[in-house]
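Dropping protein_17.tsv in here (TSV, C-alpha atoms):
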chain	number	residue	atom	x	y	z
A	1	MET	CA	-16.14	-77.82	44.97
A	2	ARG	CA	-18.83	-77.83	42.32
A	3	ARG	CA	-19.89	-81.16	40.78
A	4	PRO	CA	-22.08	-81.53	37.66
A	5	VAL	CA	-25.31	-83.43	38.01
A	6	ALA	CA	-26.65	-86.00	35.57
A	7	LEU	CA	-26.42	-85.18	31.88
A	8	ARG	CA	-30.14	-85.67	31.48
A	9	LEU	CA	-30.73	-82.44	33.43
A	10	LEU	CA	-28.54	-80.51	31.03
A	11	ALA	CA	-30.43	-82.00	28.11
A	12	GLY	CA	-33.69	-81.00	29.73
A	13	LEU	CA	-32.52	-77.42	30.09
A	14	ALA	CA	-31.53	-77.23	26.46
A	15	ALA	CA	-34.88	-78.61	25.37
A	16	THR	CA	-36.74	-76.17	27.58
A	17	ALA	CA	-34.93	-73.28	25.96
A	18	MET	CA	-36.36	-74.36	22.59
A	19	GLY	CA	-33.14	-74.54	20.74
A	20	ALA	CA	-31.35	-71.60	22.35
A	21	ALA	CA	-27.70	-72.01	23.27
A	22	VAL	CA	-28.11	-72.73	26.98
A	23	CYS	CA	-24.80	-73.74	28.51
A	24	VAL	CA	-25.75	-73.80	32.16
A	25	ALA	CA	-23.58	-75.39	34.82
A	26	LEU	CA	-25.57	-77.09	37.58
A	27	THR	CA	-24.12	-77.83	40.98
A	28	THR	CA	-25.15	-79.62	44.12
A	29	PRO	CA	-27.24	-77.79	46.75
A	30	GLN	CA	-25.40	-75.33	48.97
A	31	ALA	CA	-25.99	-74.54	52.64
A	32	SER	CA	-27.11	-71.01	51.87
A	33	ALA	CA	-28.90	-69.32	48.99
A	34	ALA	CA	-27.38	-65.96	49.77
A	35	ILE	CA	-24.43	-64.33	51.45
A	36	GLY	CA	-25.42	-63.22	54.93
A	37	ASN	CA	-28.92	-63.01	56.34
A	38	ALA	CA	-32.00	-61.04	55.40
A	39	THR	CA	-32.76	-58.05	57.60
A	40	GLY	CA	-35.66	-55.75	58.34
A	41	PHE	CA	-39.22	-56.52	57.37
A	42	ALA	CA	-38.02	-59.27	54.99
A	43	THR	CA	-37.40	-61.37	58.11
A	44	ARG	CA	-41.09	-61.26	59.04
A	45	ASN	CA	-44.03	-63.22	57.61
A	46	GLY	CA	-42.01	-66.45	57.74
A	47	GLY	CA	-38.72	-64.95	56.57
A	48	THR	CA	-36.96	-64.55	53.24
A	49	THR	CA	-34.57	-67.35	52.30
A	50	GLY	CA	-34.78	-67.37	48.50
A	51	GLY	CA	-33.43	-70.57	47.01
A	52	THR	CA	-31.84	-71.93	50.19
A	53	GLY	CA	-31.43	-75.69	49.95
A	54	GLY	CA	-32.03	-75.76	46.21
A	55	GLN	CA	-29.83	-76.53	43.24
A	56	THR	CA	-27.23	-73.96	42.18
A	57	VAL	CA	-27.19	-72.95	38.50
A	58	ARG	CA	-24.68	-70.72	36.73
A	59	ALA	CA	-26.08	-68.41	34.02
A	60	THR	CA	-24.40	-65.92	31.69
A	61	THR	CA	-27.46	-64.90	29.63
A	62	GLY	CA	-31.03	-63.92	30.37
A	63	THR	CA	-32.25	-66.95	28.44
A	64	GLN	CA	-30.26	-69.18	30.75
A	65	ILE	CA	-31.85	-67.52	33.78
A	66	HIS	CA	-35.29	-68.21	32.36
A	67	ALA	CA	-34.31	-71.76	31.38
A	68	ALA	CA	-33.14	-72.46	34.91
A	69	LEU	CA	-36.52	-71.33	36.29
A	70	CYS	CA	-38.40	-73.40	33.74
A	71	SER	CA	-36.34	-76.57	34.38
A	72	ARG	CA	-37.52	-76.89	37.99
A	73	PRO	CA	-39.99	-79.63	38.94
A	74	SER	CA	-42.41	-76.96	40.16
A	75	SER	CA	-42.72	-73.19	40.37
A	76	SER	CA	-41.82	-73.36	44.08
A	77	THR	CA	-38.80	-75.67	43.90
A	78	PRO	CA	-35.91	-73.73	45.49
A	79	ILE	CA	-33.15	-72.62	43.12
A	80	ILE	CA	-30.03	-70.46	43.35
A	81	ILE	CA	-29.08	-68.79	40.07
A	82	GLN	CA	-25.51	-67.46	40.02
A	83	VAL	CA	-25.15	-64.82	37.31
A	84	GLU	CA	-21.95	-63.58	35.68
A	85	GLY	CA	-21.54	-61.29	32.69
A	86	THR	CA	-23.83	-58.87	30.90
A	87	ILE	CA	-27.51	-59.71	30.59
A	88	ASN	CA	-29.20	-57.72	27.81
A	89	HIS	CA	-31.98	-57.73	25.23
A	90	GLY	CA	-29.85	-59.66	22.77
A	91	ASN	CA	-29.43	-62.67	25.05
A	92	THR	CA	-32.77	-62.72	26.87
A	93	THR	CA	-35.64	-64.63	25.29
A	94	LYS	CA	-38.87	-66.17	26.51
A	95	VAL	CA	-38.61	-69.75	27.75
A	96	SER	CA	-41.69	-71.88	28.37
A	97	GLY	CA	-42.42	-74.53	30.97
A	98	SER	CA	-44.87	-75.59	33.65
A	99	SER	CA	-42.75	-74.06	36.44
A	100	CYS	CA	-42.28	-70.58	34.93
A	101	ASN	CA	-43.98	-67.68	33.17
A	102	THR	CA	-41.24	-65.74	31.42
A	103	ALA	CA	-41.11	-63.06	28.73
A	104	ALA	CA	-38.65	-61.79	26.15
A	105	ASP	CA	-36.49	-58.74	26.83
A	106	VAL	CA	-37.03	-58.71	30.61
A	107	ILE	CA	-36.08	-60.95	33.53
A	108	GLU	CA	-39.52	-62.15	34.57
A	109	LEU	CA	-39.98	-63.63	38.04
A	110	LYS	CA	-43.70	-64.24	37.77
A	111	GLN	CA	-45.93	-66.68	39.65
A	112	ILE	CA	-42.93	-68.33	41.28
A	113	SER	CA	-41.29	-68.61	44.70
A	114	ASN	CA	-38.06	-69.60	46.45
A	115	VAL	CA	-35.54	-68.08	44.05
A	116	SER	CA	-32.15	-66.42	44.58
A	117	ILE	CA	-30.35	-64.45	41.87
A	118	ILE	CA	-26.77	-63.77	42.94
A	119	GLY	CA	-24.05	-61.96	41.01
A	120	VAL	CA	-20.73	-63.82	41.11
A	121	GLY	CA	-17.24	-63.79	39.59
A	122	ASN	CA	-16.45	-60.67	37.64
A	123	GLY	CA	-19.92	-59.30	38.26
A	124	ALA	CA	-23.44	-59.38	36.82
A	125	VAL	CA	-24.80	-56.42	34.87
A	126	PHE	CA	-28.38	-56.23	33.65
A	127	ASP	CA	-27.93	-53.68	30.87
A	128	GLN	CA	-31.10	-51.84	29.77
A	129	LEU	CA	-33.01	-54.86	31.07
A	130	GLY	CA	-35.15	-54.78	34.22
A	131	ILE	CA	-36.02	-57.44	36.77
A	132	HIS	CA	-39.79	-57.77	37.15
A	133	ILE	CA	-41.28	-59.58	40.17
A	134	ARG	CA	-44.99	-60.44	39.80
A	135	GLU	CA	-47.26	-62.63	41.94
A	136	ALA	CA	-44.13	-64.06	43.57
A	137	SER	CA	-42.74	-64.72	47.04
A	138	ASN	CA	-39.48	-65.48	48.82
A	139	ILE	CA	-37.11	-63.85	46.33
A	140	VAL	CA	-33.49	-62.81	47.00
A	141	ILE	CA	-31.49	-60.58	44.63
A	142	GLN	CA	-27.87	-59.87	45.56
A	143	ASN	CA	-24.70	-58.36	44.14
A	144	VAL	CA	-25.99	-57.28	40.71
A	145	THR	CA	-26.05	-54.03	38.74
A	146	VAL	CA	-29.16	-52.97	36.84
A	147	ARG	CA	-28.68	-49.93	34.62
A	148	ASN	CA	-30.44	-47.74	32.10
A	149	VAL	CA	-33.81	-49.51	31.98
A	150	LYS	CA	-36.15	-47.41	29.85
A	151	LYS	CA	-39.87	-46.93	30.14
A	152	SER	CA	-40.13	-45.41	26.69
A	153	GLY	CA	-37.98	-44.64	23.70
A	154	SER	CA	-37.01	-47.12	21.00
A	155	PRO	CA	-35.39	-49.39	20.30
A	156	LEU	CA	-34.96	-50.71	23.86
A	157	SER	CA	-37.66	-50.22	26.52
A	158	ASN	CA	-39.42	-52.63	28.85
A	159	GLY	CA	-41.35	-50.95	31.60
A	160	GLY	CA	-38.86	-48.53	33.01
A	161	ASP	CA	-38.17	-49.94	36.48
A	162	ALA	CA	-34.76	-51.33	37.27
A	163	ILE	CA	-36.39	-53.63	39.85
A	164	GLY	CA	-40.18	-53.59	39.97
A	165	MET	CA	-42.56	-55.55	42.21
A	166	GLU	CA	-46.27	-55.75	41.49
A	167	ALA	CA	-49.39	-57.82	42.19
A	168	ASN	CA	-49.40	-59.82	45.43
A	169	VAL	CA	-45.66	-59.96	46.07
A	170	ARG	CA	-44.37	-61.18	49.44
A	171	ASN	CA	-40.95	-61.39	51.08
A	172	VAL	CA	-38.27	-59.93	48.84
A	173	TRP	CA	-34.72	-59.13	49.97
A	174	VAL	CA	-32.65	-56.97	47.61
A	175	ASP	CA	-29.12	-56.53	48.89
A	176	HIS	CA	-25.78	-55.08	47.72
A	177	VAL	CA	-27.12	-54.03	44.32
A	178	THR	CA	-26.43	-50.99	42.16
A	179	LEU	CA	-29.45	-49.46	40.43
A	180	GLU	CA	-28.73	-46.56	38.10
A	181	ALA	CA	-29.93	-44.64	35.10
A	182	SER	CA	-28.50	-41.83	33.02
A	183	GLY	CA	-31.39	-39.40	33.07
A	184	GLY	CA	-34.95	-38.80	34.13
A	185	GLU	CA	-38.45	-39.23	32.71
A	186	ALA	CA	-37.72	-36.88	29.80
A	187	GLU	CA	-34.95	-39.26	28.73
A	188	GLY	CA	-37.27	-42.30	28.98
A	189	PHE	CA	-36.32	-43.59	32.44
A	190	ASP	CA	-38.69	-44.32	35.33
A	191	GLY	CA	-38.18	-45.71	38.84
A	192	LEU	CA	-35.22	-47.66	40.14
A	193	PHE	CA	-37.05	-49.61	42.86
A	194	ASP	CA	-40.86	-49.69	42.72
A	195	MET	CA	-43.49	-51.60	44.71
A	196	LYS	CA	-47.15	-51.67	43.66
A	197	ASN	CA	-50.47	-53.49	44.05
A	198	ASN	CA	-50.11	-55.42	47.31
A	199	THR	CA	-46.36	-55.83	47.77
A	200	GLN	CA	-45.31	-56.51	51.37
A	201	TYR	CA	-42.35	-57.55	53.53
A	202	VAL	CA	-39.49	-56.14	51.47
A	203	THR	CA	-35.99	-55.03	52.47
A	204	LEU	CA	-33.55	-53.01	50.37
A	205	SER	CA	-30.13	-52.99	52.01
A	206	TYR	CA	-26.55	-51.95	51.23
A	207	SER	CA	-27.46	-50.72	47.77
A	208	ILE	CA	-26.85	-47.72	45.51
A	209	LEU	CA	-29.62	-45.81	43.71
A	210	ARG	CA	-28.24	-43.00	41.57
A	211	ASN	CA	-28.37	-40.77	38.50
A	212	SER	CA	-32.11	-40.96	37.89
A	213	GLY	CA	-35.14	-38.77	38.10
A	214	ARG	CA	-36.96	-41.18	40.41
A	215	GLY	CA	-35.53	-43.38	43.12
A	216	GLY	CA	-38.58	-45.50	43.80
A	217	LEU	CA	-42.09	-45.66	45.21
A	218	ILE	CA	-44.44	-47.68	47.36
A	219	GLY	CA	-47.89	-47.46	45.76
A	220	SER	CA	-48.66	-46.41	42.19
A	221	SER	CA	-51.40	-43.93	43.16
A	222	GLU	CA	-53.19	-42.46	46.17
A	223	SER	CA	-55.63	-45.40	45.97
A	224	ASP	CA	-52.93	-48.10	45.86
A	225	LEU	CA	-52.56	-48.45	49.63
A	226	SER	CA	-52.12	-52.23	49.99
A	227	ASN	CA	-48.32	-52.11	50.02
A	228	ASP	CA	-46.70	-52.37	53.44
A	229	PHE	CA	-43.79	-53.32	55.70
A	230	ILE	CA	-40.73	-52.08	53.84
A	231	THR	CA	-37.21	-51.53	55.21
A	232	PHE	CA	-34.49	-49.38	53.64
A	233	HIS	CA	-31.09	-49.38	55.34
A	234	HIS	CA	-27.46	-48.58	54.52
A	235	ASN	CA	-28.28	-47.42	51.01
A	236	LEU	CA	-26.80	-44.55	49.01
A	237	TYR	CA	-29.31	-42.26	47.28
A	238	GLU	CA	-27.31	-39.99	44.98
A	239	ASN	CA	-28.14	-37.55	42.18
A	240	LEU	CA	-31.90	-38.10	42.17
A	241	ASP	CA	-34.74	-35.67	41.56
A	242	SER	CA	-37.25	-37.29	43.92
A	243	ARG	CA	-38.84	-40.48	45.31
A	244	ALA	CA	-36.16	-41.52	47.78
A	245	PRO	CA	-38.61	-43.12	48.36
A	246	LEU	CA	-42.20	-41.97	47.77
A	247	LEU	CA	-44.52	-43.71	50.25
A	248	ARG	CA	-48.27	-44.11	49.80
A	249	GLY	CA	-49.79	-45.83	52.79
A	250	GLY	CA	-48.12	-48.56	54.79
A	251	THR	CA	-45.16	-48.58	57.15
A	252	ALA	CA	-41.54	-47.99	56.17
A	253	HIS	CA	-38.39	-48.16	58.28
A	254	ILE	CA	-35.65	-45.96	56.83
A	255	TYR	CA	-32.36	-45.99	58.72
A	256	ASN	CA	-28.62	-45.42	58.21
A	257	ASN	CA	-28.99	-44.29	54.59
A	258	HIS	CA	-26.79	-41.64	52.97
A	259	TYR	CA	-28.54	-39.04	50.79
A	260	VAL	CA	-26.46	-36.85	48.47
A	261	ASN	CA	-27.76	-34.30	45.95
A	262	ILE	CA	-31.49	-34.98	46.15
A	263	ARG	CA	-32.71	-32.14	43.98
A	264	GLU	CA	-36.49	-31.87	44.52
A	265	SER	CA	-37.71	-34.12	47.35
A	266	GLY	CA	-36.48	-37.16	49.23
A	267	ILE	CA	-38.63	-39.23	51.61
A	268	ASN	CA	-42.14	-38.28	50.49
A	269	SER	CA	-44.58	-39.74	53.02
A	270	ARG	CA	-48.16	-39.24	51.88
A	271	ALA	CA	-51.65	-40.77	51.81
A	272	GLY	CA	-51.41	-42.03	55.38
A	273	ALA	CA	-47.94	-43.59	55.11
A	274	ARG	CA	-45.92	-43.85	58.31
A	275	ALA	CA	-42.12	-43.73	58.17
A	276	LYS	CA	-39.64	-44.30	60.97
A	277	VAL	CA	-36.58	-42.30	59.91
A	278	ASP	CA	-33.53	-43.07	62.06
A	279	ASN	CA	-29.87	-41.98	61.90
A	280	ASN	CA	-29.70	-41.06	58.22
A	281	TYR	CA	-27.22	-38.55	56.80
A	282	PHE	CA	-28.67	-35.99	54.35
A	283	ARG	CA	-26.20	-33.79	52.47
A	284	ASN	CA	-26.48	-31.08	49.80
A	285	SER	CA	-30.16	-31.80	49.22
A	286	LYS	CA	-33.62	-30.22	49.22
A	287	ASP	CA	-36.82	-31.20	51.06
A	288	VAL	CA	-35.49	-34.54	52.18
A	289	LEU	CA	-38.54	-35.38	54.32
A	290	GLY	CA	-42.20	-34.40	54.28
A	291	THR	CA	-45.41	-34.66	52.28
A	292	PHE	CA	-45.02	-33.25	48.78
A	293	TYR	CA	-47.23	-32.71	45.69
A	294	THR	CA	-50.45	-33.70	47.49
A	295	ASN	CA	-52.75	-32.59	50.29
A	296	GLN	CA	-53.11	-36.18	51.52
A	297	ALA	CA	-50.85	-36.20	54.55
A	298	GLY	CA	-48.26	-38.77	55.53
A	299	TYR	CA	-46.46	-39.12	58.84
A	300	TRP	CA	-42.98	-39.66	60.26
A	301	GLN	CA	-41.07	-40.41	63.41
A	302	VAL	CA	-37.54	-38.98	63.35
A	303	SER	CA	-34.47	-39.44	65.51
A	304	GLY	CA	-30.72	-39.10	65.18
A	305	ASN	CA	-30.59	-37.76	61.62
A	306	VAL	CA	-27.96	-35.32	60.31
A	307	PHE	CA	-29.12	-32.55	57.94
A	308	ASP	CA	-25.97	-31.19	56.28
A	309	SER	CA	-26.58	-28.30	53.83
A	310	VAL	CA	-30.24	-29.20	53.41
A	311	THR	CA	-32.68	-26.58	52.13
A	312	TRP	CA	-36.43	-26.52	52.71
A	313	SER	CA	-39.24	-25.06	50.63
A	314	SER	CA	-42.18	-23.09	51.99
A	315	ARG	CA	-45.36	-24.80	53.11
A	316	SER	CA	-48.51	-24.71	50.99
A	317	SER	CA	-51.71	-26.71	50.59
A	318	ASP	CA	-49.91	-29.52	48.76
A	319	ASN	CA	-46.40	-29.08	50.14
A	320	ASN	CA	-45.52	-29.87	53.77
A	321	PRO	CA	-41.76	-30.18	54.31
A	322	ALA	CA	-40.73	-31.56	57.69
A	323	GLY	CA	-37.92	-29.00	58.06
A	324	PRO	CA	-36.14	-26.83	58.77
A	325	ASN	CA	-36.43	-28.42	62.21
A	326	PRO	CA	-37.93	-31.87	61.61
A	327	GLN	CA	-40.12	-33.17	64.42
A	328	SER	CA	-42.01	-36.45	64.78
A	329	ASN	CA	-45.75	-36.36	64.12
A	330	THR	CA	-46.44	-40.06	64.81
A	331	THR	CA	-44.90	-43.10	66.45
A	332	VAL	CA	-43.96	-46.24	64.54
A	333	SER	CA	-43.38	-49.63	66.17
A	334	ILE	CA	-40.72	-51.83	64.57
A	335	PRO	CA	-41.20	-55.58	65.25
A	336	TYR	CA	-37.63	-56.79	64.58
A	337	SER	CA	-34.24	-56.15	66.18
A	338	TYR	CA	-31.66	-53.90	64.51
A	339	SER	CA	-28.53	-51.94	65.39
A	340	LEU	CA	-28.06	-48.30	64.46
A	341	ASP	CA	-24.79	-46.76	63.34
A	342	GLY	CA	-24.43	-43.18	64.46
A	343	ALA	CA	-25.53	-40.86	61.67
A	344	SER	CA	-22.15	-39.11	61.59
A	345	CYS	CA	-20.40	-42.28	60.42
A	346	VAL	CA	-23.07	-43.30	57.90
A	347	PRO	CA	-21.26	-41.75	54.87
A	348	SER	CA	-18.17	-43.81	55.64
A	349	ILE	CA	-20.04	-47.04	56.38
A	350	VAL	CA	-22.20	-46.76	53.25
A	351	SER	CA	-19.21	-45.98	51.03
A	352	GLN	CA	-17.52	-49.18	52.24
A	353	THR	CA	-20.53	-51.47	51.93
A	354	ALA	CA	-23.21	-50.32	49.48
A	355	GLY	CA	-23.47	-51.52	45.91
A	356	ALA	CA	-22.52	-54.51	43.78
A	357	ASN	CA	-18.97	-55.86	43.66
A	358	LYS	CA	-17.95	-54.19	46.92
A	359	GLY	CA	-17.13	-57.39	48.78
A	360	MET	CA	-20.56	-57.81	50.41
A	361	ARG	CA	-19.37	-56.20	53.63
A	362	VAL	CA	-21.96	-55.13	56.18
A	363	SER	CA	-22.15	-52.82	59.17
A	364	THR	CA	-21.46	-54.07	62.69
A	365	GLY	CA	-23.94	-51.52	64.02
A	366	SER	CA	-21.14	-49.68	65.78
A	367	CYS	CA	-19.58	-47.60	62.99
A	368	SER	CA	-17.40	-50.37	61.57
A	369	THR	CA	-17.81	-53.06	58.92
A	370	GLN	CA	-17.32	-56.80	58.70
A	371	ALA	CA	-17.47	-59.61	56.16
A	372	PRO	CA	-20.93	-61.20	55.92
A	373	THR	CA	-21.79	-64.48	57.59
A	374	PRO	CA	-22.48	-67.14	54.94
A	375	THR	CA	-25.40	-68.76	56.76
A	376	PRO	CA	-29.06	-69.19	55.81
A	377	THR	CA	-31.76	-66.79	56.94
A	378	THR	CA	-33.54	-67.81	60.13
A	379	PRO	CA	-37.23	-66.96	59.65
A	380	THR	CA	-39.11	-65.16	62.39
A	381	PRO	CA	-42.84	-65.30	63.01
A	382	GLY	CA	-45.01	-62.87	61.06

Would you kindly transcribe this structure into structure tokens?
Amino acid sequence: MRRPVALRLLAGLAATAMGAAVCVALTTPQASAAIGNATGFATRNGGTTGGTGGQTVRATTGTQIHAALCSRPSSSTPIIIQVEGTINHGNTTKVSGSSCNTAADVIELKQISNVSIIGVGNGAVFDQLGIHIREASNIVIQNVTVRNVKKSGSPLSNGGDAIGMEANVRNVWVDHVTLEASGGEAEGFDGLFDMKNNTQYVTLSYSILRNSGRGGLIGSSESDLSNDFITFHHNLYENLDSRAPLLRGGTAHIYNNHYVNIRESGINSRAGARAKVDNNYFRNSKDVLGTFYTNQAGYWQVSGNVFDSVTWSSRSSDNNPAGPNPQSNTTVSIPYSYSLDGASCVPSIVSQTAGANKGMRVSTGSCSTQAPTPTPTTPTPG
């Protein structure tokens, strides 16, 4: 049962918001900041627990999210922000405080740590409004939809990435989210899930990326090679042109994902990147693995994948598809434990689990699903 804390905290929130209508319900600390446990590389480097042990705040506007961050005693004080409703440009303003660094028209998680943003109730939709993570660590984002974030094109644009991480980011777990657009770069949209400029120890799990030109990337250019240790598992990549994902340098573990209608290229490993690609199901797609649009080679270790109606382009100086008979050209060591569903059941498992408002179910690792365990993450050594 939720119990309100002292009224002085509510007054402080309202003052922090500089006059904005901030009706935020605060509750006592909970045992867990998230539903279930972080997986993959997000469990390394000390683990990813988000706001575990912190106060729980309910927010229905972007301004309230920012106000909750700014009301904390410090920028590292743990906090769980439960979000319900539609977050958009009209209800997201800059809020100031010593424990935050926010901006208008974007959810800004900058120079902070130990934060969970969890969609609850009837769902949380970030409409034409991205979530930006900058110089931050130990962040959990769960059960939210982010849609139609534009890079360009008035009146609404704010960087183009649905979820973007940049500049010394560590330990982020994004889980059971839906990231979508309604067009490609020509229509003003950019990436759905991007990592740049020294972002490490990230897991994207049980999520949907669809209807966009670009799924996401690791590294903004062939010289941005400081990003590393990324896991992608049990995600649906659907109706994308490319970047599912694009990897520049670093190590990625890509397993039990379902790829449908990837039109130009899928996993694009280049500039020395090394990808372990296990038990994925690729269907009705083109060039789902290889090095594309560059002569700077990347590498892959493959096992157990299903290639269903996949076509492959011819090789050239800047085009090296792994198919039509993909073979490993490196070995990749994975430092954490994980269970693999057989690739043949991946479409069914992903359809039952991936995306926001799907009940937060997860795979058992044996071609069935189960409700998540509501316990905190147990960190593992880096």

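Atom CA of A:Gly290 to atom CA of A:Pro326 spans 8.9 Å [interatomic distance, one decimal].
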
Surrounding residues of A:Thr178 excluding itself and chain neighbours under 6 positions, 7 Å, all atoms listed in the file, as a PDB file with C-alpha atoms, in the frame of the given file:
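In the end it all went to around39.pdb:
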ATOM      1  CA  VAL A 144     -25.990 -57.280  40.710  1.00  0.00           C
ATOM      2  CA  THR A 145     -26.050 -54.030  38.740  1.00  0.00           C
ATOM      3  CA  VAL A 146     -29.160 -52.970  36.840  1.00  0.00           C
ATOM      4  CA  SER A 207     -27.460 -50.720  47.770  1.00  0.00           C
ATOM      5  CA  ILE A 208     -26.850 -47.720  45.510  1.00  0.00           C
ATOM      6  CA  LEU A 209     -29.620 -45.810  43.710  1.00  0.00           C
ATOM      7  CA  GLY A 355     -23.470 -51.520  45.910  1.00  0.00           C
ATOM      8  CA  ALA A 356     -22.520 -54.510  43.780  1.00  0.00           C
TER       9      ALA A 356
END

Atom-to-atom span, atom CA of A:Ser96 and atom CA of A:Thr49, Å: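 Computed distance, atom CA of A:Ser96 to atom CA of A:Thr49, equals 25.4 Å.
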
Which of A:Thr199, A:Asn325, A:Ser242, A:Asn171 sits closest to A:Ser220 [using all atoms listed in the file]: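 Among the listed residues, A:Thr199 lies closest to A:Ser220.
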
A:Ala34, A:Ala271, A:Cys100, A:Val95 ranked by distance to A:Asp224, top pick (using all atoms listed in the file): A:Ala271

Residue contacts of A:Arg283 (8 Å, all atoms listed in the file) excluding same-chain residues fewer than 4 positions away, as a ChimeraX atom specification: /A:258-261,307-310

Computed interatomic separation between atom CA of A:Met360 and atom CA of A:Val288 (Å): 27.7 Å

From A:Phe126, A:Pro372, A:Gly219, A:Ile79, residue lying nearest A:Gly359 [only C-alpha atoms]: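 Ranking A:Phe126, A:Pro372, A:Gly219, A:Ile79 by distance to A:Gly359, first place goes to A:Pro372.
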
Contacts of A:Arg210 at 8 Å (all atoms listed in the file; same-chain gap of 5+ positions) as a PyMOL selection string: chain A and resi 179-181+215+236-240

Near-A:Gly90 list (9 Å; only C-alpha atoms; drop same-chain fewer than 4 positions) as a VMD selection string: chain A and resid 61 to 62 105

Distance query stretch 363-368 of chain A at most 7 Å, all atoms listed in the file, self and fewer than 3 positions along chain excluded, as JSON, numbers by chain: {"A": [339, 340, 341, 342, 345, 349]}

Nearest to A:Ser75 by atom-to-atom distance, counting all atoms listed in the file, from A:Lys94, A:Arg44, A:Lys110, A:Arg263: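 Nearest candidate to A:Ser75 out of A:Lys94, A:Arg44, A:Lys110, A:Arg263: A:Lys110.
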
For A:Val306, the nearest of the candidates A:Ala343, A:Val125, A:Ala275, A:Ile334, counting all atoms listed in the file: A:Ala343

Top pick for closest residue to A:Val362, considering A:Arg270, A:His234, A:Arg243, A:His253 and counting all atoms listed in the file: A:His234

Return as AutoDock Vina command-line options the box centre and box size in Å, one decimal, for an axis-aligned box around all listed atoms of stretch 80-85 of chain A padded by 6 Å per side.
--center_x -25.8 --center_y -65.9 --center_z 38.0 --size_x 20.5 --size_y 21.2 --size_z 22.7
